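Visitor: The structure follows.
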Amino acid sequence: MAVDLSFFRSETSQRLRAESRAEDVLLILTTRGLDIPEPVAERITTCTDPDTLRTWLTRAVTAHAAEDLFTGTGD
């Protein structure tokens with residue numbers, strides 16, 4: 001019996017994963033006590049590229065400021 005896994009490759013599934021990853025980035029920044037200006041929060045929440053969000057998630061762990069996500073500084 002074959003299982004239909006097409007949902008996991010669908011646009012909806014990809015969007016849901018991106019939303020979750022964006023929420024994780026914001027959660028890390030908030031937990032670390034960093035200020036998240038509205039333009040930064042908007043850029044994070046509107047991003048749909050999984051590779052970019054993964055990069056930002058990694059940078060959020062060591063960033064000195066939320067803006068460092070976009071430049072890679074603060075490591």
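A note on labels: chains of the structure tokens are A, B, ... as shown, every chain counts residues from 1, and ligands are counted from 1 in their shown order.
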With only C-alpha atoms as the counted atoms, please give the residues lying no more than 8 Å from range 26-43 of chain A, apart from itself and same-chain residues fewer than 3 positions off, as a PDB file with C-alpha atoms, in the first residue's frame.
Guide:
ATOM      1  CA  ALA A  22       9.810  32.369  11.514  1.00  0.00           C
ATOM      2  CA  GLU A  23       8.047  31.970  14.860  1.00  0.00           C
ATOM      3  CA  THR A  46       7.035  37.483   5.615  1.00  0.00           C
ATOM      4  CA  CYS A  47      10.049  35.435   4.546  1.00  0.00           C
ATOM      5  CA  LEU A  57      17.454  30.776  13.053  1.00  0.00           C
ATOM      6  CA  ALA A  60      19.481  34.234  16.277  1.00  0.00           C
ATOM      7  CA  VAL A  61      21.324  32.065  18.794  1.00  0.00           C
ATOM      8  CA  HIS A  64      23.830  40.814  19.626  1.00  0.00           C
ATOM      9  CA  ALA A  65      20.890  42.603  17.966  1.00  0.00           C
ATOM     10  CA  ALA A  66      17.954  41.416  15.873  1.00  0.00           C
ATOM     11  CA  GLU A  67      19.347  43.246  12.838  1.00  0.00           C
TER      12      GLU A  67
END
Visitor: Please report the interatomic distance between CA of Glu19 in chain A and CA of Thr52 in chain A in Å with one decimal.
Guide: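 It comes out at 12.5 Å.
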Visitor: For Thr71 in chain A, find every residue with an atom within 10 Å (counting only C-alpha atoms), except residues of its own chain fewer than 6 positions away, and show them as a list in words.
Guide: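 The filter keeps Trp56, Arg59 and Ala63 of chain A.
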Visitor: Please produce a file of those selected residues containing N, CA and C atoms, as a short mmCIF file (atom, residue, chain, number, x, y, z; two decimals), in the first residue's frame.
Guide:
data_model
loop_
_atom_site.label_atom_id
_atom_site.label_comp_id
_atom_site.auth_asym_id
_atom_site.auth_seq_id
_atom_site.Cartn_x
_atom_site.Cartn_y
_atom_site.Cartn_z
N TRP A 56 18.78 32.49 9.45
CA TRP A 56 18.40 33.43 10.50
C TRP A 56 18.21 32.73 11.83
N ARG A 59 21.62 32.19 13.26
CA ARG A 59 22.20 33.46 13.70
C ARG A 59 21.51 34.02 14.95
N ALA A 63 23.27 36.29 17.94
CA ALA A 63 23.18 37.71 17.53
C ALA A 63 23.18 38.64 18.74
#
Visitor: Have a look at CA of Leu53 in chain A and CA of Glu11 in chain A and let me know their distance in Å, one decimal.
Guide: 16.2 Å
